[in-house]
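Shown here: start_5.txt, compact mmCIF, C-alpha atoms and all ligand atoms.
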# COMPACT_ATOMS: atom_id res chain seq x y z
CA MET A 1 124.72 64.80 99.37
CA THR A 2 125.68 67.39 102.01
CA ASN A 3 123.19 69.87 103.36
CA SER A 4 124.75 72.81 101.55
CA ALA A 5 124.60 70.94 98.23
CA ARG A 6 120.87 70.28 98.50
CA PRO A 7 118.70 72.32 96.14
CA ALA A 8 116.98 75.35 97.68
CA SER A 9 113.54 73.84 97.14
CA VAL A 10 114.34 70.98 99.53
CA LEU A 11 115.78 73.31 102.19
CA ASP A 12 112.81 75.66 101.89
CA SER A 13 110.34 72.87 102.50
CA SER A 14 111.07 73.12 106.23
CA PHE A 15 109.21 76.43 106.39
CA ARG A 16 105.67 76.23 107.61
CA LEU A 17 103.15 78.09 105.51
CA SER A 18 101.30 79.13 108.68
CA GLU A 19 104.46 80.58 110.19
CA ILE A 20 105.24 82.65 107.07
CA LEU A 21 101.71 83.96 106.69
CA SER A 22 101.27 84.77 110.36
CA ALA A 23 104.48 86.82 110.19
CA LEU A 24 103.29 88.60 107.03
CA SER A 25 99.87 89.27 108.56
CA TYR A 26 101.59 92.06 110.53
CA ALA A 27 101.76 93.98 107.23
CA LEU A 28 97.98 93.68 106.93
CA ASP A 29 97.59 94.91 110.53
CA ILE A 30 99.46 98.14 109.85
CA THR A 31 97.42 98.74 106.68
CA GLU A 32 94.25 98.38 108.75
CA GLY A 33 95.52 100.79 111.40
CA GLN A 34 95.40 97.96 113.91
CA PRO A 35 97.97 97.21 116.60
CA GLN A 36 100.51 94.56 115.60
CA GLY A 37 99.24 91.03 116.07
CA HIS A 38 95.58 91.86 115.37
CA ALA A 39 95.20 89.15 112.71
CA VAL A 40 97.09 86.57 114.77
CA ARG A 41 94.92 87.28 117.84
CA SER A 42 91.74 87.20 115.71
CA CYS A 43 92.90 83.80 114.47
CA LEU A 44 93.37 82.50 118.02
CA ILE A 45 89.90 83.73 119.03
CA GLY A 46 88.19 82.39 115.89
CA MET A 47 89.85 78.97 116.16
CA ARG A 48 88.80 78.74 119.81
CA LEU A 49 85.21 79.50 118.79
CA ALA A 50 85.47 76.86 116.05
CA GLU A 51 86.53 74.31 118.65
CA VAL A 52 83.64 75.18 121.00
CA ILE A 53 80.94 74.97 118.32
CA GLY A 54 82.42 71.87 116.66
CA PHE A 55 83.26 73.52 113.32
CA PRO A 56 83.94 70.68 110.83
CA GLU A 57 87.46 69.32 111.28
CA ALA A 58 87.93 69.06 107.53
CA ASP A 59 87.51 72.81 107.13
CA ARG A 60 89.54 73.94 110.16
CA ALA A 61 92.68 74.64 108.09
CA SER A 62 90.61 76.76 105.67
CA LEU A 63 89.15 78.73 108.55
CA PHE A 64 92.62 79.18 110.08
CA TYR A 65 93.88 80.89 106.90
CA ALA A 66 90.72 82.96 106.46
CA LEU A 67 91.21 84.36 109.98
CA LEU A 68 94.88 85.06 109.42
CA LEU A 69 94.48 86.59 105.95
CA LYS A 70 91.07 88.24 106.39
CA ASP A 71 92.57 91.65 105.52
CA LEU A 72 94.32 90.65 102.27
CA GLY A 73 92.10 93.12 100.41
CA CYS A 74 92.64 95.93 102.92
CA SER A 75 94.95 98.07 100.80
CA SER A 76 92.60 98.15 97.80
CA ASN A 77 90.24 100.79 99.20
CA ALA A 78 92.77 102.82 101.19
CA ALA A 79 93.33 105.49 98.52
CA ARG A 80 89.61 105.96 97.84
CA LEU A 81 88.74 106.10 101.54
CA CYS A 82 91.46 108.64 102.12
CA SER A 83 90.39 110.89 99.22
CA LEU A 84 86.67 110.76 100.16
CA PHE A 85 87.21 111.68 103.81
CA GLY A 86 90.40 113.76 103.49
CA ALA A 87 91.79 111.83 106.44
CA ASP A 88 94.41 109.20 107.28
CA ASP A 89 93.14 105.89 105.84
CA ARG A 90 94.65 103.91 108.74
CA ALA A 91 92.73 105.96 111.33
CA LEU A 92 89.54 105.71 109.22
CA LYS A 93 89.89 101.95 109.03
CA ARG A 94 90.48 101.65 112.75
CA GLN A 95 87.40 103.81 113.50
CA HIS A 96 85.37 101.74 111.04
CA LYS A 97 85.93 98.65 113.19
CA LEU A 98 84.90 100.51 116.36
CA ALA A 99 81.80 102.29 114.97
CA ASP A 100 78.34 101.03 115.83
CA TRP A 101 76.83 100.48 112.39
CA ALA A 102 73.53 99.43 113.94
CA ALA A 103 72.96 102.89 115.46
CA PRO A 104 70.59 105.38 113.76
CA MET A 105 72.34 107.03 110.79
CA PRO A 106 75.68 105.34 111.52
CA GLY A 107 77.29 106.56 108.29
CA LEU A 108 76.55 110.18 109.22
CA ALA A 109 77.97 109.74 112.73
CA TYR A 110 81.10 108.09 111.28
CA ALA A 111 81.55 110.88 108.72
CA MET A 112 81.03 113.63 111.34
CA ARG A 113 83.65 112.07 113.55
CA ASN A 114 86.26 111.38 110.88
CA ALA A 115 86.01 113.66 107.82
CA VAL A 116 88.85 116.16 107.24
CA PRO A 117 89.92 116.26 110.90
CA GLU A 118 92.38 119.12 110.37
CA ALA A 119 89.91 121.46 108.59
CA SER A 120 87.64 124.22 109.94
CA PRO A 121 84.18 123.24 111.31
CA LEU A 122 82.52 124.72 108.19
CA ALA A 123 84.77 122.80 105.82
CA ARG A 124 84.06 119.60 107.77
CA VAL A 125 80.28 120.11 107.56
CA LEU A 126 80.56 120.78 103.80
CA ARG A 127 82.59 117.61 103.30
CA VAL A 128 80.05 115.53 105.26
CA ALA A 129 77.17 117.07 103.26
CA SER A 130 78.97 116.31 100.00
CA LEU A 131 79.56 112.71 101.11
CA ALA A 132 75.86 112.36 101.99
CA VAL A 133 74.65 113.75 98.63
CA ASN A 134 77.26 112.46 96.19
CA GLU A 135 78.62 109.32 97.73
CA ARG A 136 75.57 107.22 98.60
CA GLY A 137 76.56 103.61 98.12
CA SER A 138 80.31 104.36 98.15
CA GLY A 139 80.71 102.59 101.50
CA ARG A 140 79.17 99.40 100.17
CA GLU A 141 81.23 99.62 97.00
CA MET A 142 84.45 100.07 98.99
CA VAL A 143 83.66 97.09 101.22
CA ARG A 144 82.88 95.04 98.10
CA THR A 145 86.21 95.98 96.51
CA ARG A 146 88.04 95.05 99.69
CA CYS A 147 86.25 91.72 100.17
CA ASP A 148 86.45 90.64 96.54
CA ARG A 149 90.09 91.61 96.32
CA GLY A 150 90.88 89.69 99.52
CA ALA A 151 89.11 86.58 98.20
CA GLU A 152 90.91 86.91 94.84
CA ILE A 153 94.36 87.02 96.46
CA ALA A 154 93.42 84.05 98.68
CA ALA A 155 92.48 82.17 95.48
CA MET A 156 95.80 83.13 93.92
CA LEU A 157 97.53 81.60 96.96
CA GLY A 158 95.62 78.38 96.33
CA PHE A 159 93.27 78.50 99.33
CA THR A 160 89.94 76.69 99.36
CA GLU A 161 86.49 78.06 98.68
CA VAL A 162 85.79 77.96 102.44
CA THR A 163 88.70 80.38 102.99
CA ARG A 164 87.72 82.63 100.10
CA GLU A 165 84.04 82.83 101.01
CA ALA A 166 84.82 83.52 104.68
CA ILE A 167 86.99 86.46 103.60
CA ARG A 168 84.36 87.69 101.15
CA THR A 169 81.56 87.67 103.75
CA LEU A 170 83.27 88.78 106.96
CA ASP A 171 81.45 92.14 106.97
CA GLU A 172 77.97 90.66 106.47
CA HIS A 173 75.68 90.87 109.51
CA TRP A 174 73.24 88.30 110.89
CA ASP A 175 70.29 90.72 110.44
CA GLY A 176 71.10 91.36 106.77
CA ARG A 177 72.27 94.94 107.33
CA GLY A 178 75.95 94.22 106.71
CA MET A 179 78.01 94.63 103.56
CA PRO A 180 78.59 94.17 100.72
CA ALA A 181 75.79 91.77 99.71
CA GLY A 182 73.39 92.22 102.66
CA LEU A 183 73.27 88.45 103.28
CA ALA A 184 71.35 87.40 106.39
CA GLY A 185 71.43 84.53 108.92
CA GLU A 186 72.65 81.20 107.66
CA ALA A 187 73.00 82.53 104.13
CA ILE A 188 76.30 83.92 105.44
CA PRO A 189 78.87 81.10 105.40
CA LEU A 190 79.72 79.97 108.96
CA GLY A 191 83.38 80.81 108.33
CA GLY A 192 82.46 84.43 107.50
CA ARG A 193 80.33 84.66 110.67
CA ILE A 194 83.23 83.39 112.79
CA VAL A 195 85.77 85.75 111.19
CA GLY A 196 83.40 88.73 111.62
CA LEU A 197 82.85 88.02 115.32
CA ALA A 198 86.49 87.14 116.03
CA GLN A 199 87.85 90.36 114.52
CA SER A 200 85.41 92.57 116.46
CA VAL A 201 86.11 90.74 119.70
CA GLU A 202 89.85 91.15 119.11
CA VAL A 203 89.57 94.91 118.45
CA PHE A 204 87.58 95.53 121.63
CA ALA A 205 89.45 93.01 123.79
CA SER A 206 92.89 94.39 122.95
CA GLY A 207 91.65 98.01 123.06
CA PHE A 208 89.34 97.97 126.08
CA GLY A 209 89.59 94.56 127.78
CA VAL A 210 87.83 91.21 127.54
CA ASP A 211 84.71 92.34 129.45
CA ALA A 212 84.18 95.22 127.03
CA ALA A 213 84.56 92.84 124.08
CA LEU A 214 82.03 90.40 125.54
CA ALA A 215 79.61 93.28 126.21
CA VAL A 216 79.85 94.45 122.58
CA ALA A 217 79.27 90.89 121.34
CA ARG A 218 76.17 90.59 123.62
CA GLU A 219 74.81 93.95 122.46
CA ARG A 220 75.17 92.94 118.83
CA ARG A 221 73.86 89.39 119.33
CA GLY A 222 71.31 88.77 116.59
CA THR A 223 72.03 92.08 114.80
CA TRP A 224 75.67 91.84 113.76
CA PHE A 225 76.49 88.39 115.07
CA ASP A 226 75.13 84.86 114.91
CA PRO A 227 73.41 84.35 118.34
CA GLU A 228 74.83 80.82 118.69
CA LEU A 229 78.39 82.07 118.21
CA VAL A 230 77.88 84.80 120.81
CA ASP A 231 76.57 82.16 123.24
CA ALA A 232 79.65 80.01 122.54
CA LEU A 233 81.86 83.03 123.21
CA ARG A 234 80.39 83.35 126.72
CA GLY A 235 82.17 80.14 127.80
CA VAL A 236 85.43 81.25 126.17
CA GLY A 237 85.08 84.56 128.03
CA ARG A 238 85.47 82.79 131.39
CA ASP A 239 88.74 81.11 130.34
CA GLY A 240 91.32 83.52 131.79
CA GLY A 241 94.22 81.32 130.65
CA PHE A 242 93.12 81.61 127.03
CA TRP A 243 92.92 85.41 127.13
CA ALA A 244 96.29 85.68 128.86
CA LYS A 245 97.80 83.80 125.91
CA ALA A 246 95.78 85.56 123.21
CA LEU A 247 96.36 89.09 124.52
CA GLY A 248 99.86 88.48 125.88
CA PRO A 249 103.11 89.55 124.21
CA MET A 250 103.64 86.37 122.11
CA PRO A 251 100.33 85.44 120.45
CA GLY A 252 102.22 83.98 117.45
CA THR A 253 103.81 81.30 119.63
CA HIS A 254 100.38 80.06 120.68
CA LEU A 255 99.14 80.22 117.12
CA ALA A 256 101.88 77.81 116.06
CA THR A 257 100.24 75.10 118.22
CA LEU A 258 96.99 75.50 116.25
CA ALA A 259 98.54 75.60 112.78
CA PRO A 260 97.24 72.98 110.36
CA GLU A 261 99.65 70.04 110.39
CA ASP A 262 99.30 69.24 106.71
CA GLU A 263 100.87 72.57 105.81
CA ILE A 264 104.36 71.87 107.16
CA LEU A 265 105.69 70.82 103.78
CA ALA A 266 103.65 73.26 101.77
CA ALA A 267 106.01 76.22 101.72
CA ASP A 268 108.37 75.07 98.98
CA ASP A 269 110.18 77.37 96.59
CA ALA A 270 107.21 77.81 94.25
CA LYS A 271 104.94 78.64 97.20
CA LEU A 272 107.39 81.25 98.49
CA ASP A 273 107.38 82.89 95.04
CA LEU A 274 103.60 82.85 95.04
CA ILE A 275 103.47 84.45 98.50
CA ALA A 276 105.83 87.22 97.35
CA GLU A 277 103.68 87.76 94.21
CA ALA A 278 100.46 87.84 96.27
CA PHE A 279 101.81 90.38 98.75
CA ALA A 280 103.18 92.46 95.86
CA ARG A 281 99.54 92.79 94.75
CA VAL A 282 98.55 93.93 98.25
CA ILE A 283 101.38 96.50 98.21
CA ASP A 284 100.63 97.80 94.71
CA ALA A 285 96.91 98.16 95.46
CA LYS A 286 97.65 100.66 98.23
CA SER A 287 97.95 103.59 95.82
CA PRO A 288 96.70 104.06 92.24
CA TYR A 289 100.11 105.51 91.44
CA THR A 290 101.99 102.37 92.37
CA TYR A 291 99.79 100.10 90.25
CA ARG A 292 102.11 97.26 89.14
CA HIS A 293 105.16 99.04 90.64
CA SER A 294 106.46 96.02 92.58
CA GLU A 295 105.97 93.65 89.65
CA GLY A 296 107.59 96.19 87.31
CA VAL A 297 110.61 96.65 89.60
CA ALA A 298 110.96 92.87 89.89
CA GLU A 299 111.05 92.41 86.10
CA VAL A 300 113.66 95.13 85.62
CA ALA A 301 115.78 94.07 88.63
CA VAL A 302 115.98 90.47 87.39
CA GLU A 303 117.11 91.65 83.94
CA ILE A 304 119.84 93.76 85.55
CA GLY A 305 120.81 90.84 87.80
CA ARG A 306 121.04 88.48 84.81
CA LEU A 307 123.40 90.85 83.00
CA LEU A 308 125.48 91.13 86.19
CA GLU A 309 125.71 87.32 86.08
CA LEU A 310 123.99 86.59 89.39
CA ASP A 311 123.32 82.87 89.83
CA ALA A 312 119.87 81.28 89.88
CA ALA A 313 119.41 81.41 93.67
CA GLU A 314 120.55 85.04 93.77
CA LEU A 315 118.15 85.96 90.95
CA ARG A 316 115.30 84.18 92.76
CA ASP A 317 116.05 86.15 95.95
CA LEU A 318 116.45 89.41 94.02
CA ARG A 319 113.03 88.91 92.45
CA ARG A 320 111.39 88.22 95.83
CA ALA A 321 113.16 91.22 97.38
CA ALA A 322 111.93 93.41 94.52
CA LEU A 323 108.35 92.14 94.85
CA LEU A 324 108.34 92.96 98.57
CA HIS A 325 110.66 95.98 98.79
CA ASP A 326 107.85 98.49 99.41
CA ILE A 327 105.86 96.36 101.87
CA GLY A 328 106.69 99.03 104.46
CA LYS A 329 104.59 101.54 102.47
CA LEU A 330 101.52 99.75 103.82
CA GLY A 331 102.30 101.57 107.07
CA VAL A 332 102.27 105.05 105.45
CA SER A 333 99.04 107.01 105.02
CA ASN A 334 97.65 107.60 101.53
CA LEU A 335 97.31 111.27 102.56
CA ILE A 336 101.09 111.32 102.04
CA LEU A 337 101.60 108.63 99.37
CA ASP A 338 99.01 110.17 97.01
CA LYS A 339 99.63 113.84 97.86
CA PRO A 340 99.85 115.82 94.61
CA ASP A 341 101.92 118.66 96.14
CA ARG A 342 105.43 118.75 97.52
CA LEU A 343 105.68 116.90 100.84
CA THR A 344 106.42 118.79 104.06
CA ASP A 345 109.55 117.83 106.02
CA GLN A 346 107.39 115.90 108.47
CA GLU A 347 105.64 113.98 105.68
CA MET A 348 108.96 113.27 103.99
CA ALA A 349 110.25 111.86 107.29
CA GLN A 350 107.31 109.43 107.33
CA VAL A 351 107.98 108.34 103.74
CA ARG A 352 111.62 107.78 104.64
CA MET A 353 110.51 105.34 107.33
CA HIS A 354 109.05 102.85 104.85
CA PRO A 355 112.26 100.83 104.22
CA ALA A 356 112.62 100.53 108.01
CA PHE A 357 109.07 99.10 108.14
CA THR A 358 110.04 96.74 105.29
CA GLN A 359 113.01 95.58 107.34
CA ARG A 360 110.84 95.06 110.42
CA ILE A 361 108.10 93.14 108.57
CA LEU A 362 110.35 90.88 106.49
CA GLY A 363 112.66 90.39 109.47
CA ARG A 364 109.84 88.42 111.09
CA VAL A 365 109.69 85.93 108.20
CA ARG A 366 112.37 83.26 108.61
CA ALA A 367 111.84 82.06 105.04
CA PHE A 368 112.69 85.54 103.73
CA GLU A 369 115.86 85.95 105.81
CA GLY A 370 117.95 86.12 102.63
CA ILE A 371 116.05 89.03 101.11
CA VAL A 372 115.64 91.45 104.04
CA GLU A 373 118.94 93.20 103.39
CA ALA A 374 118.33 93.93 99.69
CA ALA A 375 114.64 94.78 100.15
CA SER A 376 115.20 97.24 102.97
CA ALA A 377 118.22 98.91 101.33
CA HIS A 378 116.45 99.95 98.12
CA HIS A 379 116.68 103.67 98.98
CA GLU A 380 120.31 103.51 100.13
CA ARG A 381 122.76 105.18 97.75
CA ILE A 382 126.38 104.35 97.01
CA ASP A 383 127.46 107.85 98.15
CA GLY A 384 125.85 107.17 101.55
CA LYS A 385 123.17 109.85 101.05
CA GLY A 386 120.21 107.48 100.90
CA TYR A 387 117.87 106.27 103.61
CA HIS A 388 116.88 104.79 106.04
CA ARG A 389 120.33 103.90 107.38
CA GLY A 390 122.55 106.08 105.18
CA ILE A 391 124.98 103.25 104.48
CA SER A 392 127.42 103.62 101.59
CA GLY A 393 128.30 101.57 98.52
CA GLU A 394 130.99 99.42 100.12
CA TYR A 395 128.27 97.85 102.28
CA LEU A 396 125.79 97.37 99.46
CA GLY A 397 125.89 94.07 97.57
CA ALA A 398 124.92 93.51 93.95
CA ALA A 399 121.27 92.79 94.79
CA PRO A 400 120.43 96.03 96.66
CA ARG A 401 122.36 98.02 94.04
CA ALA A 402 120.43 96.44 91.16
CA LEU A 403 117.16 96.82 93.06
CA ALA A 404 117.81 100.52 93.70
CA VAL A 405 118.35 101.17 89.98
CA ALA A 406 115.26 99.16 88.99
CA ASP A 407 113.18 101.02 91.59
CA VAL A 408 114.23 104.48 90.35
CA TYR A 409 113.73 103.47 86.71
CA GLU A 410 110.22 102.11 87.33
CA ALA A 411 109.31 105.17 89.42
CA LEU A 412 110.51 107.57 86.70
CA THR A 413 108.68 105.81 83.89
CA ALA A 414 105.38 105.33 85.80
CA ASP A 415 102.69 108.00 86.24
CA ARG A 416 102.80 109.71 89.64
CA PRO A 417 100.38 112.13 91.41
CA TYR A 418 102.51 115.11 90.41
CA ARG A 419 103.61 114.14 86.87
CA SER A 420 103.15 111.60 84.09
CA GLY A 421 105.73 108.90 83.46
CA LEU A 422 108.90 109.83 81.56
CA PRO A 423 109.88 108.16 78.28
CA ARG A 424 112.64 105.49 78.59
CA ASP A 425 115.40 107.67 77.10
CA GLU A 426 114.76 110.52 79.51
CA ALA A 427 114.64 108.13 82.46
CA MET A 428 117.94 106.55 81.35
CA ALA A 429 119.53 110.01 80.97
CA ILE A 430 118.59 110.78 84.60
CA LEU A 431 119.97 107.43 85.79
CA ARG A 432 123.23 108.01 83.90
CA ARG A 433 123.64 111.41 85.60
CA GLU A 434 123.39 109.63 88.98
CA SER A 435 125.59 106.72 87.90
CA GLY A 436 128.71 106.44 90.06
CA LEU A 437 127.37 109.11 92.45
CA ALA A 438 124.12 107.78 93.96
CA LEU A 439 123.56 104.72 91.78
CA CYS A 440 125.74 101.73 90.99
CA PRO A 441 127.36 102.29 87.54
CA GLU A 442 127.40 98.57 86.60
CA SER A 443 123.68 98.27 87.32
CA VAL A 444 122.85 101.43 85.36
CA GLU A 445 124.87 100.19 82.40
CA ALA A 446 123.26 96.75 82.61
CA LEU A 447 119.86 98.41 82.45
CA GLY A 448 121.01 100.42 79.44
CA VAL A 449 122.07 97.21 77.70
CA HIS A 450 118.76 95.53 78.58
CA LEU A 451 116.75 98.43 77.15
CA GLY A 452 118.90 98.39 74.04
FE FE B 501 110.47 102.48 98.35
FE FE B 502 109.61 101.20 95.23

What is this file in structure tokens?
Amino acid sequence: MTNSARPASVLDSSFRLSEILSALSYALDITEGQPQGHAVRSCLIGMRLAEVIGFPEADRASLFYALLLKDLGCSSNAARLCSLFGADDRALKRQHKLADWAAPMPGLAYAMRNAVPEASPLARVLRVASLAVNERGSGREMVRTRCDRGAEIAAMLGFTEVTREAIRTLDEHWDGRGMPAGLAGEAIPLGGRIVGLAQSVEVFASGFGVDAALAVARERRGTWFDPELVDALRGVGRDGGFWAKALGPMPGTHLATLAPEDEILAADDAKLDLIAEAFARVIDAKSPYTYRHSEGVAEVAVEIGRLLELDAAELRDLRRAALLHDIGKLGVSNLILDKPDRLTDQEMAQVRMHPAFTQRILGRVRAFEGIVEAASAHHERIDGKGYHRGISGEYLGAAPRALAVADVYEALTADRPYRSGLPRDEAMAILRRESGLALCPESVEALGVHLG
């Protein structure tokens, strides 16, 4: 049997799960408002700590994935955070990681610094007062949503209890004043303690230097962090070679040397589908108005593709492209995505960047090479008036054309901040008006046939 005749599942088995997930972790970084590579660097730091303290070998792979995927739940509280504070969720999340939650009245200080940054001083004070009176406990609830959601998606991906519990408890503090459960000391799983320390060290080390990160860890020794882990970090702090690798331009290359060996064969076809489905959940959780959007687009796109007689491999790729087409939206603020009014030109320009972000994120994932084109062209139009590249129909294959139609159809029939979803017939009438102008006529007709 020649290479080209081998089934896709055999070819795909050469992809390392760790490589795919470390590439996709960049999508979680932009949702968290963190610089690219935050999760990968946190993983390097956490695994180094694990080595120093002699973390059980049998659980190292579980810890590796907890560190890499710690922010899987990050999109699930973005909309709520944004609406409570009237501010960019990515900036709020970044500030959250820098704030000193052990200081007196930390919530008040955080709110004063971050609430409605564009508003007048009076409006800002009123917003902070309203948060203090009406939103007691909201912070804890938002952290709980985020942690539970992260653990749930890790479970969906088939990761162990060690991975799930580390993700669920990464915001707990040694002194019991963390969130969401207020666990203290050794009641917090060791994995959660390592992830919590590693992510803070990463934020301060890449923002302000290694010395600043070590100083923060020392200050919070015994309050936020397990004292033994902070002591172990002291030795790592003196290893200049390690920090040069971790904070250098290619942290992913160094991560590859730490990746669990038993995962090399794990990324088969079924696993790649599961990864696309899991990240579709992360994408759809970003805004209440895109609830099930990616899944919905995938279902419709595959039906169109079937009627256009795409073969099995093409349908599989079309489905994955549809599940991940809006992954770039994770880099757009909910202030814009959930805005009930018409967007300003500047806001519209940011929205129009999301397929470019999709292209950048998926372009990092070797296993998804075949879907980048279709996924990132879902707002291109056959008359060349789409975005983000403005390419015309002659350059658009069947998959991006079908995906574009499925995307518009799902968007029209779903509820949005500014209107409720349209009935099928009205949505189809709109698509038919655009057929042959902006949208591919064969795909529109195929959808019509599918809907009967
Ligand atoms: Fe989109
Ligand atoms: Fe979309």

**Item:** Length of the CA of Gly240 (chain A) to CA of Ser206 (chain A) vector [Å]
**Value:** 14.1 Å

**Message:** Counting all atoms listed in the file, which residue out of A:Ala402, A:Ile20, A:Ile327, A:Ala374 sits closest to ligand FE 502 (chain B)?
**Reply:** A:Ile327

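With only C-alpha atoms and all ligand atoms as the basis for measurement, A:Val351 is the residue among A:Val444, A:Val351, A:Leu412, A:Ile361 that approaches ligand FE 501 (chain B) most closely.
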
**Message:** As a quick test: using all atoms listed in the file, which residues lie no more than 7 Å away from ligand FE 502 (chain B)? Give them as a PyMOL selection string.
**Reply:** chain A and resi 293-294+325-326+407

**Request:** Go through the chains and note each residue within 10 Å of ligand FE 501 (chain B), using all atoms listed in the file, then give the set as a VMD selection string.
**Result:** chain A and resid 293 to 294 322 324 to 329 351 to 355 358 375 to 379 387 404 407 to 408 411

**Asked** Taking into account all atoms listed in the file, which residue in the set A:Thr253, A:Glu261, A:Ser443, A:Leu229 is nearest to Glu309 (chain A)?
**Response**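 Of all the options, A:Ser443 lies closest to Glu309 (chain A).
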
**Selected residue, from A:Ala446, A:Val236, A:Met348, A:Val195, that lies nearest to Asp211 (chain A) when counting all atoms listed in the file** =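 Between A:Ala446, A:Val236, A:Met348, A:Val195, the residue approaching Asp211 (chain A) most closely is A:Val236.
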
**Message:** Neighbouring residues of Leu337 (chain A) were defined as those with any atom within 9 Å, considering all atoms listed in the file; residues of the same chain fewer than 4 positions away were excluded. Please report them as a PyMOL selection string.
**Reply:** chain A and resi 79+286-287+289+329+332-333+351+417

**Item:** Between CA of Ile336 (chain A) and CA of Asp415 (chain A), distance in Å (one decimal)
**Value:** 16.2 Å

**Request:** Skip Ala276 (chain A) itself and residues of its chain fewer than 2 positions away, then list as a VMD selection string all residues within 8 Å of it, counting all atoms listed in the file.
**Result:** chain A and resid 272 to 274 278 to 280 320 323 to 324

**Request:** Would you mind reading off the distance between CA of Gln359 (chain A) and CA of Val282 (chain A), one decimal, in Å?
**Result:**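 Separation of CA of Gln359 (chain A) and CA of Val282 (chain A): 17.2 Å.
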
Counting all atoms listed in the file, which residues sit no farther than 12 Å from the position (117.1, 101.0, 71.8) in the file's frame? I'd like them as a compact mmCIF listing (two decimals) with C-alpha atoms, keeping the file's coordinate frame.
# COMPACT_ATOMS: atom_id res chain seq x y z
CA ARG A 424 112.64 105.49 78.59
CA ASP A 425 115.40 107.67 77.10
CA MET A 428 117.94 106.55 81.35
CA LEU A 447 119.86 98.41 82.45
CA GLY A 448 121.01 100.42 79.44
CA VAL A 449 122.07 97.21 77.70
CA HIS A 450 118.76 95.53 78.58
CA LEU A 451 116.75 98.43 77.15
CA GLY A 452 118.90 98.39 74.04

Take every atom of region 189-192 of chain A listed in the file, pad by 3 Å on each side, and give me the axis-aligned box centre and edge lengths in Å, one decimal, as JSON.
{"center_x": 81.1, "center_y": 82.2, "center_z": 107.2, "size_x": 10.5, "size_y": 10.5, "size_z": 9.6}

**Request:** Write out as a PyMOL selection string each polymer residue whose atoms come within 8 Å of Leu28 (chain A), counting only C-alpha atoms; drop sequence neighbours fewer than 2 positions from it.
**Result:** chain A and resi 24-26+30-32+39+69+71-72+74+330
